[in-house]
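Below is the file coords.pdb, which contains PDB, C-alpha atoms.
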ATOM      1  CA  MET A   1      81.971 -12.706  81.580
ATOM      2  CA  LYS A   2      85.115 -14.479  80.414
ATOM      3  CA  LEU A   3      83.100 -17.689  80.027
ATOM      4  CA  ARG A   4      80.593 -15.903  77.821
ATOM      5  CA  LYS A   5      83.327 -14.488  75.638
ATOM      6  CA  LYS A   6      84.916 -17.890  75.393
ATOM      7  CA  LEU A   7      81.561 -19.455  74.440
ATOM      8  CA  ILE A   8      80.896 -16.824  71.751
ATOM      9  CA  SER A   9      84.435 -17.174  70.465
ATOM     10  CA  TYR A  10      83.998 -20.945  70.412
ATOM     11  CA  LEU A  11      80.674 -20.807  68.543
ATOM     12  CA  PHE A  12      81.910 -18.422  65.898
ATOM     13  CA  GLU A  13      85.220 -20.129  65.485
ATOM     14  CA  LYS A  14      85.679 -21.649  62.055
ATOM     15  CA  VAL A  15      86.287 -25.335  61.663
ATOM     16  CA  ASP A  16      87.478 -27.317  58.657
ATOM     17  CA  ILE A  17      85.036 -29.838  57.267
ATOM     18  CA  THR A  18      86.320 -32.515  54.878
ATOM     19  CA  ILE A  19      83.932 -34.496  52.675
ATOM     20  CA  ILE A  20      85.206 -37.668  50.991
ATOM     21  CA  PRO A  21      82.479 -38.691  48.485
ATOM     22  CA  SER A  22      84.299 -41.722  47.004
ATOM     23  CA  PRO A  23      87.911 -42.884  46.314
ATOM     24  CA  LYS A  24      87.691 -41.742  42.689
ATOM     25  CA  LYS A  25      86.366 -38.265  43.412
ATOM     26  CA  LYS A  26      88.150 -35.302  44.825
ATOM     27  CA  ILE A  27      88.058 -34.582  48.468
ATOM     28  CA  LYS A  28      86.027 -31.506  49.227
ATOM     29  CA  MET A  29      86.984 -29.180  52.041
ATOM     30  CA  PHE A  30      85.256 -26.104  53.320
ATOM     31  CA  LYS A  31      85.137 -24.041  56.431
ATOM     32  CA  MET A  32      82.039 -23.477  58.630
ATOM     33  CA  ARG A  33      81.476 -21.804  61.890
ATOM     34  CA  ARG A  34      80.474 -24.053  64.735
ATOM     35  CA  ILE A  35      77.170 -22.078  65.295
ATOM     36  CA  THR A  36      75.893 -22.737  61.735
ATOM     37  CA  PRO A  37      74.717 -26.380  62.224
ATOM     38  CA  ILE A  38      73.229 -25.375  65.569
ATOM     39  CA  LEU A  39      71.164 -22.651  63.851
ATOM     40  CA  ILE A  40      70.138 -25.100  61.130
ATOM     41  CA  ILE A  41      68.928 -27.593  63.735
ATOM     42  CA  ILE A  42      67.042 -24.835  65.589
ATOM     43  CA  ILE A  43      65.406 -23.661  62.340
ATOM     44  CA  VAL A  44      64.389 -27.231  61.380
ATOM     45  CA  LEU A  45      62.938 -27.905  64.831
ATOM     46  CA  GLY A  46      61.092 -24.555  64.739
ATOM     47  CA  SER A  47      59.712 -25.291  61.304
ATOM     48  CA  ILE A  48      58.517 -28.735  62.377
ATOM     49  CA  THR A  49      56.826 -27.246  65.445
ATOM     50  CA  THR A  50      55.183 -24.495  63.403
ATOM     51  CA  LEU A  51      54.013 -26.942  60.747
ATOM     52  CA  SER A  52      52.590 -29.253  63.416
ATOM     53  CA  PHE A  53      50.660 -26.371  64.956
ATOM     54  CA  LEU A  54      49.381 -25.220  61.568
ATOM     55  CA  TYR A  55      48.357 -28.780  60.662
ATOM     56  CA  LYS A  56      46.345 -29.173  63.874
ATOM     57  CA  HIS A  57      44.739 -25.774  63.318
ATOM     58  CA  TYR A  58      43.900 -26.678  59.727
ATOM     59  CA  GLN A  59      42.549 -30.071  60.803
ATOM     60  CA  SER A  60      40.318 -28.431  63.425
ATOM     61  CA  GLY A  61      39.077 -25.899  60.864
ATOM     62  CA  PHE A  62      38.508 -28.660  58.316
ATOM     63  CA  PHE A  63      36.346 -30.638  60.740
ATOM     64  CA  SER A  64      34.429 -27.480  61.683
ATOM     65  CA  VAL A  65      33.802 -26.619  58.040
ATOM     66  CA  SER A  66      32.749 -30.218  57.339
ATOM     67  CA  ASP A  67      30.218 -30.069  60.179
ATOM     68  CA  ARG A  68      28.969 -26.726  58.861
ATOM     69  CA  LEU A  69      28.581 -28.163  55.381
ATOM     70  CA  VAL A  70      26.544 -31.047  56.773
ATOM     71  CA  GLN A  71      24.344 -28.574  58.620
ATOM     72  CA  LEU A  72      23.960 -26.440  55.497
ATOM     73  CA  LYS A  73      22.976 -29.510  53.477
ATOM     74  CA  GLY A  74      20.305 -30.251  56.099
ATOM     75  CA  VAL A  75      19.092 -26.638  55.991
ATOM     76  CA  ARG A  76      18.967 -26.758  52.213
ATOM     77  CA  ALA A  77      16.945 -29.976  52.305
ATOM     78  CA  GLU A  78      14.627 -28.449  54.912
ATOM     79  CA  ASN A  79      14.247 -25.317  52.812
ATOM     80  CA  GLU A  80      13.390 -27.421  49.777
ATOM     81  CA  LYS A  81      10.773 -29.247  51.833
ATOM     82  CA  LEU A  82       9.372 -25.937  53.103
ATOM     83  CA  LYS A  83       9.328 -24.574  49.573
ATOM     84  CA  ASN A  84       7.272 -27.540  48.346
ATOM     85  CA  GLU A  85       4.873 -27.312  51.290
ATOM     86  CA  LEU A  86       4.450 -23.573  50.845
ATOM     87  CA  PHE A  87       3.828 -24.050  47.114
ATOM     88  CA  VAL A  88       1.082 -26.585  47.851
ATOM     89  CA  LEU A  89      -0.432 -24.324  50.496
ATOM     90  CA  THR A  90      -0.339 -21.389  48.098
ATOM     91  CA  GLN A  91      -2.213 -23.419  45.504
ATOM     92  CA  ASP A  92      -4.789 -24.471  48.118
ATOM     93  CA  THR A  93      -5.202 -20.853  49.168
ATOM     94  CA  GLU A  94      -5.704 -19.716  45.563
ATOM     95  CA  GLU A  95      -8.288 -22.455  45.056
ATOM     96  CA  LEU A  96     -10.127 -21.400  48.192
ATOM     97  CA  LYS A  97     -10.034 -17.763  47.082
ATOM     98  CA  GLU A  98     -11.567 -18.764  43.747
ATOM     99  CA  ASN A  99     -14.275 -20.749  45.572
ATOM    100  CA  LEU A 100     -14.969 -17.785  47.813
ATOM    101  CA  SER A 101     -15.171 -15.471  44.804
ATOM    102  CA  ARG A 102     -17.580 -17.884  43.127
ATOM    103  CA  LEU A 103     -19.733 -18.056  46.259
ATOM    104  CA  LYS A 104     -19.734 -14.253  46.491
ATOM    105  CA  GLU A 105     -20.946 -13.987  42.896
ATOM    106  CA  TYR A 106     -23.546 -16.647  43.663
ATOM    107  CA  ASN A 107     -24.586 -14.660  46.720
ATOM    108  CA  GLU A 108     -24.897 -11.468  44.647
ATOM    109  CA  GLU A 109     -27.079 -13.281  42.113
ATOM    110  CA  ILE A 110     -29.365 -14.421  44.909
ATOM    111  CA  LYS A 111     -29.489 -10.901  46.351
ATOM    112  CA  GLU A 112     -30.616  -9.615  42.966
ATOM    113  CA  MET A 113     -33.526 -12.057  43.006
ATOM    114  CA  ILE A 114     -35.048 -10.494  46.101
ATOM    115  CA  ASN A 115     -34.728  -7.365  48.246
ATOM    116  CA  ILE A 116     -32.755  -8.379  51.334
ATOM    117  CA  ASP A 117     -33.276  -6.319  54.498
ATOM    118  CA  ARG A 118     -30.371  -4.255  55.791
ATOM    119  CA  GLY A 119     -29.682  -6.544  58.734
ATOM    120  CA  THR A 120     -29.287  -9.599  56.507
ATOM    121  CA  GLN A 121     -27.189  -7.570  54.052
ATOM    122  CA  ALA A 122     -24.887  -6.364  56.831
ATOM    123  CA  ALA A 123     -24.493  -9.899  58.212
ATOM    124  CA  SER A 124     -23.684 -11.226  54.763
ATOM    125  CA  ASP A 125     -21.142  -8.467  54.124
ATOM    126  CA  GLN A 126     -19.560  -9.111  57.522
ATOM    127  CA  GLN A 127     -19.243 -12.831  56.730
ATOM    128  CA  ASP A 128     -17.705 -12.030  53.339
ATOM    129  CA  LEU A 129     -15.230  -9.683  55.034
ATOM    130  CA  LYS A 130     -14.343 -12.351  57.579
ATOM    131  CA  LEU A 131     -13.653 -14.942  54.897
ATOM    132  CA  GLN A 132     -11.720 -12.477  52.724
ATOM    133  CA  THR A 133      -9.534 -11.469  55.688
ATOM    134  CA  PHE A 134      -9.036 -15.119  56.545
ATOM    135  CA  LEU A 135      -7.774 -15.927  53.056
ATOM    136  CA  SER A 136      -5.823 -12.722  52.515
ATOM    137  CA  TYR A 137      -3.890 -13.296  55.747
ATOM    138  CA  ASN A 138      -2.912 -16.822  54.741
ATOM    139  CA  GLN A 139      -1.968 -15.642  51.262
ATOM    140  CA  SER A 140       0.352 -12.925  52.621
ATOM    141  CA  VAL A 141       1.984 -15.377  55.019
ATOM    142  CA  LEU A 142       2.536 -17.952  52.316
ATOM    143  CA  GLN A 143       4.035 -15.449  49.920
ATOM    144  CA  GLN A 144       6.723 -14.411  52.402
ATOM    145  CA  GLY A 145      10.022 -15.966  51.403
ATOM    146  CA  LEU A 146       8.601 -17.573  48.249
ATOM    147  CA  PRO A 147      10.204 -15.700  45.337
ATOM    148  CA  VAL A 148       8.398 -15.681  41.999
ATOM    149  CA  GLY A 149      10.015 -18.135  39.602
ATOM    150  CA  GLY A 150      11.632 -20.294  42.310
ATOM    151  CA  GLY A 151      14.847 -19.715  44.218
ATOM    152  CA  ASN A 152      15.824 -20.225  47.811
ATOM    153  CA  ILE A 153      13.394 -19.653  50.615
ATOM    154  CA  HIS A 154      14.493 -17.118  53.213
ATOM    155  CA  LEU A 155      12.433 -17.792  56.318
ATOM    156  CA  TYR A 156      15.197 -17.466  58.895
ATOM    157  CA  TYR A 157      13.516 -14.398  60.348
ATOM    158  CA  GLN A 158      10.282 -16.357  60.852
ATOM    159  CA  ALA A 159       9.140 -19.648  62.342
ATOM    160  CA  PRO A 160       8.461 -21.702  59.186
ATOM    161  CA  ASP A 161       6.919 -24.704  60.929
ATOM    162  CA  GLU A 162       4.581 -22.448  62.863
ATOM    163  CA  ILE A 163       3.628 -20.522  59.714
ATOM    164  CA  ILE A 164       2.860 -23.703  57.772
ATOM    165  CA  ALA A 165       0.964 -25.283  60.658
ATOM    166  CA  ARG A 166      -1.145 -22.132  61.113
ATOM    167  CA  ALA A 167      -1.811 -21.887  57.365
ATOM    168  CA  LYS A 168      -2.812 -25.555  57.221
ATOM    169  CA  ARG A 169      -5.203 -25.096  60.141
ATOM    170  CA  ASN A 170      -6.778 -22.050  58.538
ATOM    171  CA  ILE A 171      -7.081 -23.721  55.126
ATOM    172  CA  ASN A 172      -8.602 -26.859  56.658
ATOM    173  CA  THR A 173     -11.077 -24.688  58.556
ATOM    174  CA  LEU A 174     -12.068 -22.939  55.335
ATOM    175  CA  LYS A 175     -12.373 -26.227  53.484
ATOM    176  CA  LYS A 176     -14.836 -27.339  56.145
ATOM    177  CA  GLU A 177     -16.740 -24.039  56.171
ATOM    178  CA  LEU A 178     -17.055 -23.387  52.427
ATOM    179  CA  PRO A 179     -19.300 -26.416  51.696
ATOM    180  CA  THR A 180     -21.576 -25.253  54.504
ATOM    181  CA  HIS A 181     -21.726 -21.755  52.996
ATOM    182  CA  GLU A 182     -22.424 -23.238  49.575
ATOM    183  CA  GLU A 183     -25.190 -25.425  50.995
ATOM    184  CA  ASP A 184     -26.680 -22.406  52.774
ATOM    185  CA  LEU A 185     -26.612 -20.444  49.508
ATOM    186  CA  ASN A 186     -28.241 -23.344  47.652
ATOM    187  CA  ASN A 187     -30.986 -23.468  50.251
ATOM    188  CA  LEU A 188     -31.336 -19.697  50.081
ATOM    189  CA  GLU A 189     -31.564 -19.817  46.299
ATOM    190  CA  MET A 190     -34.296 -22.460  46.496
ATOM    191  CA  SER A 191     -36.172 -20.372  49.053
ATOM    192  CA  VAL A 192     -35.783 -17.233  46.936
ATOM    193  CA  LYS A 193     -36.944 -19.012  43.802
ATOM    194  CA  GLU A 194     -39.914 -20.418  45.677
ATOM    195  CA  TYR A 195     -40.650 -16.980  47.099
ATOM    196  CA  ASN A 196     -40.375 -15.381  43.648
ATOM    197  CA  ASP A 197     -42.618 -18.067  42.178
ATOM    198  CA  LEU A 198     -45.128 -17.397  44.954
ATOM    199  CA  GLN A 199     -44.976 -13.676  44.292
ATOM    200  CA  ALA A 200     -45.446 -14.245  40.557
ATOM    201  CA  ALA A 201     -48.452 -16.485  41.275
ATOM    202  CA  THR A 202     -50.091 -14.069  43.734
ATOM    203  CA  PRO A 203     -52.742 -11.776  42.155
ATOM    204  CA  LYS A 204     -51.664  -8.168  42.670
ATOM    205  CA  ILE A 205     -52.664  -5.648  40.030
ATOM    206  CA  TRP A 206     -55.914  -3.883  39.076
ATOM    207  CA  PRO A 207     -57.566  -6.314  36.626
ATOM    208  CA  ILE A 208     -58.486  -3.890  33.836
ATOM    209  CA  ALA A 209     -56.532  -1.377  31.755
ATOM    210  CA  ASP A 210     -58.972   1.484  32.225
ATOM    211  CA  LYS A 211     -58.133   5.189  32.090
ATOM    212  CA  GLY A 212     -59.151   5.804  35.662
ATOM    213  CA  ASP A 213     -62.865   6.005  34.968
ATOM    214  CA  ALA A 214     -63.715   2.478  36.190
ATOM    215  CA  TYR A 215     -65.008   1.974  39.732
ATOM    216  CA  ILE A 216     -66.101  -0.789  42.083
ATOM    217  CA  SER A 217     -69.876  -1.097  41.804
ATOM    218  CA  SER A 218     -70.276  -4.077  44.135
ATOM    219  CA  ARG A 219     -67.816  -5.349  46.737
ATOM    220  CA  PHE A 220     -66.967  -8.793  48.084
ATOM    221  CA  GLY A 221     -69.294 -10.247  50.772
ATOM    222  CA  TRP A 222     -72.974 -10.231  51.617
ATOM    223  CA  ARG A 223     -75.256  -8.167  49.383
ATOM    224  CA  SER A 224     -78.765  -8.042  47.956
ATOM    225  CA  ASP A 225     -78.964  -9.802  44.621
ATOM    226  CA  PRO A 226     -79.772  -7.122  42.001
ATOM    227  CA  PHE A 227     -82.229  -9.467  40.279
ATOM    228  CA  SER A 228     -83.904 -11.382  43.174
ATOM    229  CA  GLY A 229     -83.307  -8.938  46.033
ATOM    230  CA  LYS A 230     -82.269 -11.828  48.304
ATOM    231  CA  GLN A 231     -79.198 -11.677  50.543
ATOM    232  CA  GLN A 232     -76.334 -13.785  49.197
ATOM    233  CA  ILE A 233     -72.542 -13.934  49.179
ATOM    234  CA  HIS A 234     -70.915 -11.988  46.385
ATOM    235  CA  GLU A 235     -67.687 -13.937  45.720
ATOM    236  CA  GLY A 236     -65.816 -11.218  43.887
ATOM    237  CA  LEU A 237     -65.687  -7.585  42.817
ATOM    238  CA  ASP A 238     -67.879  -5.942  40.201
ATOM    239  CA  ILE A 239     -65.941  -3.220  38.407
ATOM    240  CA  ALA A 240     -68.078  -0.962  36.268
ATOM    241  CA  THR A 241     -66.346  -0.013  33.037
ATOM    242  CA  TRP A 242     -66.982   0.623  29.317
ATOM    243  CA  TYR A 243     -67.430  -2.113  26.745
ATOM    244  CA  ASN A 244     -64.240  -3.668  25.384
ATOM    245  CA  THR A 245     -61.945  -2.368  28.130
ATOM    246  CA  PRO A 246     -58.827  -4.626  28.168
ATOM    247  CA  VAL A 247     -58.973  -7.208  30.970
ATOM    248  CA  LEU A 248     -55.551  -8.108  32.463
ATOM    249  CA  ALA A 249     -54.146 -11.265  34.053
ATOM    250  CA  THR A 250     -53.308 -10.260  37.590
ATOM    251  CA  ALA A 251     -50.571 -12.895  38.041
ATOM    252  CA  ASN A 252     -48.561 -15.433  36.062
ATOM    253  CA  GLY A 253     -50.365 -18.635  35.297
ATOM    254  CA  VAL A 254     -52.014 -21.005  32.818
ATOM    255  CA  VAL A 255     -55.476 -20.489  31.322
ATOM    256  CA  LYS A 256     -57.702 -23.219  32.747
ATOM    257  CA  PHE A 257     -61.040 -22.300  31.178
ATOM    258  CA  VAL A 258     -62.239 -20.134  28.281
ATOM    259  CA  GLY A 259     -65.938 -20.142  27.404
ATOM    260  CA  ARG A 260     -69.485 -19.528  28.615
ATOM    261  CA  LYS A 261     -70.333 -20.459  32.228
ATOM    262  CA  GLY A 262     -73.985 -20.021  33.255
ATOM    263  CA  GLY A 263     -74.851 -16.633  34.744
ATOM    264  CA  TYR A 264     -71.165 -15.577  34.484
ATOM    265  CA  GLY A 265     -71.538 -15.363  30.734
ATOM    266  CA  LEU A 266     -68.253 -15.408  28.852
ATOM    267  CA  MET A 267     -65.575 -16.274  31.376
ATOM    268  CA  VAL A 268     -61.809 -16.867  31.687
ATOM    269  CA  ILE A 269     -60.289 -18.841  34.589
ATOM    270  CA  ILE A 270     -56.552 -18.802  35.224
ATOM    271  CA  GLN A 271     -54.635 -21.143  37.523
ATOM    272  CA  HIS A 272     -51.555 -19.500  39.070
ATOM    273  CA  GLY A 273     -50.128 -22.167  41.354
ATOM    274  CA  PHE A 274     -49.772 -22.223  45.145
ATOM    275  CA  GLY A 275     -53.567 -22.695  45.284
ATOM    276  CA  PHE A 276     -54.339 -19.346  43.587
ATOM    277  CA  GLU A 277     -57.002 -19.026  40.880
ATOM    278  CA  THR A 278     -58.560 -15.928  39.351
ATOM    279  CA  ARG A 279     -61.844 -15.617  37.435
ATOM    280  CA  TYR A 280     -62.937 -12.937  34.943
ATOM    281  CA  ALA A 281     -66.624 -12.923  33.954
ATOM    282  CA  HIS A 282     -69.274 -11.058  31.862
ATOM    283  CA  LEU A 283     -66.714 -10.639  29.053
ATOM    284  CA  ASN A 284     -67.349  -9.586  25.493
ATOM    285  CA  LYS A 285     -64.361 -11.159  23.717
ATOM    286  CA  PHE A 286     -61.542 -13.587  24.484
ATOM    287  CA  LYS A 287     -57.858 -12.882  23.800
ATOM    288  CA  VAL A 288     -56.438 -16.186  25.083
ATOM    289  CA  LYS A 289     -56.975 -19.906  24.634
ATOM    290  CA  ARG A 290     -57.236 -22.794  27.085
ATOM    291  CA  GLY A 291     -53.783 -24.064  28.146
ATOM    292  CA  GLN A 292     -52.051 -20.818  27.208
ATOM    293  CA  LYS A 293     -49.409 -19.447  29.581
ATOM    294  CA  VAL A 294     -49.906 -15.840  30.606
ATOM    295  CA  SER A 295     -47.898 -13.304  32.577
ATOM    296  CA  ARG A 296     -49.074 -10.602  34.921
ATOM    297  CA  GLY A 297     -50.340  -7.674  32.860
ATOM    298  CA  ASP A 298     -51.162  -9.677  29.691
ATOM    299  CA  ILE A 299     -54.476  -8.834  28.013
ATOM    300  CA  ILE A 300     -56.691 -11.919  28.284
ATOM    301  CA  ALA A 301     -60.115 -10.524  27.221
ATOM    302  CA  LEU A 302     -62.308  -7.456  26.650
ATOM    303  CA  SER A 303     -64.999  -6.439  29.136
ATOM    304  CA  GLY A 304     -68.685  -6.756  28.277
ATOM    305  CA  ASN A 305     -72.168  -7.500  29.560
ATOM    306  CA  SER A 306     -72.625 -11.221  28.861
ATOM    307  CA  GLY A 307     -74.516 -13.574  31.206
ATOM    308  CA  LYS A 308     -76.564 -12.426  34.163
ATOM    309  CA  SER A 309     -75.555  -8.761  34.107
ATOM    310  CA  SER A 310     -77.362  -5.451  34.408
ATOM    311  CA  GLY A 311     -74.692  -3.426  32.543
ATOM    312  CA  PRO A 312     -71.157  -3.561  31.196
ATOM    313  CA  HIS A 313     -68.719  -4.485  33.951
ATOM    314  CA  LEU A 314     -66.061  -7.015  34.963
ATOM    315  CA  HIS A 315     -66.757  -9.595  37.644
ATOM    316  CA  TYR A 316     -63.354 -10.428  39.166
ATOM    317  CA  GLU A 317     -62.694 -13.236  41.675
ATOM    318  CA  VAL A 318     -59.618 -14.410  43.595
ATOM    319  CA  ARG A 319     -59.672 -17.919  45.054
ATOM    320  CA  LYS A 320     -57.134 -19.687  47.309
ATOM    321  CA  ASN A 321     -57.544 -23.462  47.465
ATOM    322  CA  ASN A 322     -60.968 -22.878  45.873
ATOM    323  CA  ILE A 323     -62.044 -20.614  48.733
ATOM    324  CA  PRO A 324     -63.191 -17.133  47.572
ATOM    325  CA  GLN A 325     -60.956 -14.315  48.845
ATOM    326  CA  ASN A 326     -61.618 -10.594  48.977
ATOM    327  CA  PRO A 327     -59.844  -9.329  45.826
ATOM    328  CA  GLU A 328     -59.278  -5.928  47.453
ATOM    329  CA  ASN A 329     -56.864  -7.603  49.863
ATOM    330  CA  TYR A 330     -54.647  -8.541  46.899
ATOM    331  CA  ILE A 331     -54.875  -5.521  44.634
ATOM    332  CA  GLY A 332     -51.725  -3.414  45.018
ATOM    333  CA  ARG A 333     -49.888  -5.951  47.238
TER
END

Could you write out this file's structure as structure tokens?
Amino acid sequence: MKLRKKLISYLFEKVDITIIPSPKKKIKMFKMRRITPILIIIIVLGSITTLSFLYKHYQSGFFSVSDRLVQLKGVRAENEKLKNELFVLTQDTEELKENLSRLKEYNEEIKEMINIDRGTQAASDQQDLKLQTFLSYNQSVLQQGLPVGGGNIHLYYQAPDEIIARAKRNINTLKKELPTHEEDLNNLEMSVKEYNDLQAATPKIWPIADKGDAYISSRFGWRSDPFSGKQQIHEGLDIATWYNTPVLATANGVVKFVGRKGGYGLMVIIQHGFGFETRYAHLNKFKVKRGQKVSRGDIIALSGNSGKSSGPHLHYEVRKNNIPQNPENYIGR
């Protein structure tokens, strides 16, 4: 206890300090307690220790921040790369959507050319739905994290590489499929056009514009000749009607013959294509010329009683590859 008191008394005891700056200057003297320099030394050592600790802490933080900045630069570069890839994929998707829209319009045009059965229609609609879903899905994926007008891409909540890879696979699949669909539609269009041309060339309608008072007086096939009484093949239909009843082309075609032809009298022959030919005989007056194009329903002549005929009527024939056909099998088809 006495030692402690002595130590405290010693530390707080004042001492005289004399400073002699130079021989020409005054000597400076001042008093200072013995503990003061000790405290100064302790404070300096504490400050040095604290500064050393802070420097190491700052250095560690600096290195950590530097590493983070390097990582962020890499992320930014990766985001820029992703942005460019997504932009390209978006453009590809838009192009594919336009192609699909064009093919759909093409498909609708073809459907308008011909009546498609419900099964084919349903299959076509299902295929359209499949392709639309395919594209719409890719479009929605690509638009995620791609702000309008640029900006940073925020795909941290997704798997960007997986998204891009999946989109590329889907787009490549579509690029392979669309030409096949287009080729199928081209083939379908050719088939439809050929079918429509065949339908236009096939004789179908009643060959005279009567008011319902005409009738078949002699059918196709074997019959007794009204003049000789002998059995012979009648190669067409005889339709009894009044003089000058309008005679109609029963299909589209080109007039092959206009004139007098033996016992047929005044006659018109029309070639329709696909091997079809129709003949109109015992006419009274022509309304067409050789080489003229006609459409189904056009007036080509007026009925009469020319040639080997027992009364006013129309002799009407349908031939396929020059083989006489029963016209009744074509009327109303």

For the structure shown, which residues end up in the PyMOL selection byres ((chain A and resi 7-17) around 6)? Put them as a count of residues only, please? 11

How many Å lie between CA of Ser191 in chain A and CA of Gln325 in chain A, rounded to one decimal?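 One can read the CA of Ser191 in chain A to CA of Gln325 in chain A distance as 25.5 Å.
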
Hey, what's within 12 Å of Asn244 in chain A if we count all atoms listed in the file and toss same-chain stuff fewer than 6 positions away? As number ranges by chain, please? A: 208-210, 282-287, 299-306, 312-314

Would you pick out the contacts of Gln292 in chain A at 9 Å or less, using only C-alpha atoms, so that residues sharing its chain but fewer than 3 positions from it are not included, and give the list as JSON, numbers by chain? {"A": [253, 254, 255, 256, 288, 289]}

Running the PyMOL selection byres ((chain A and resi 330) around 9) on this model by hand, what would come out? Give it as a ChimeraX atom specification. /A:202-205,318,325-329,331-333
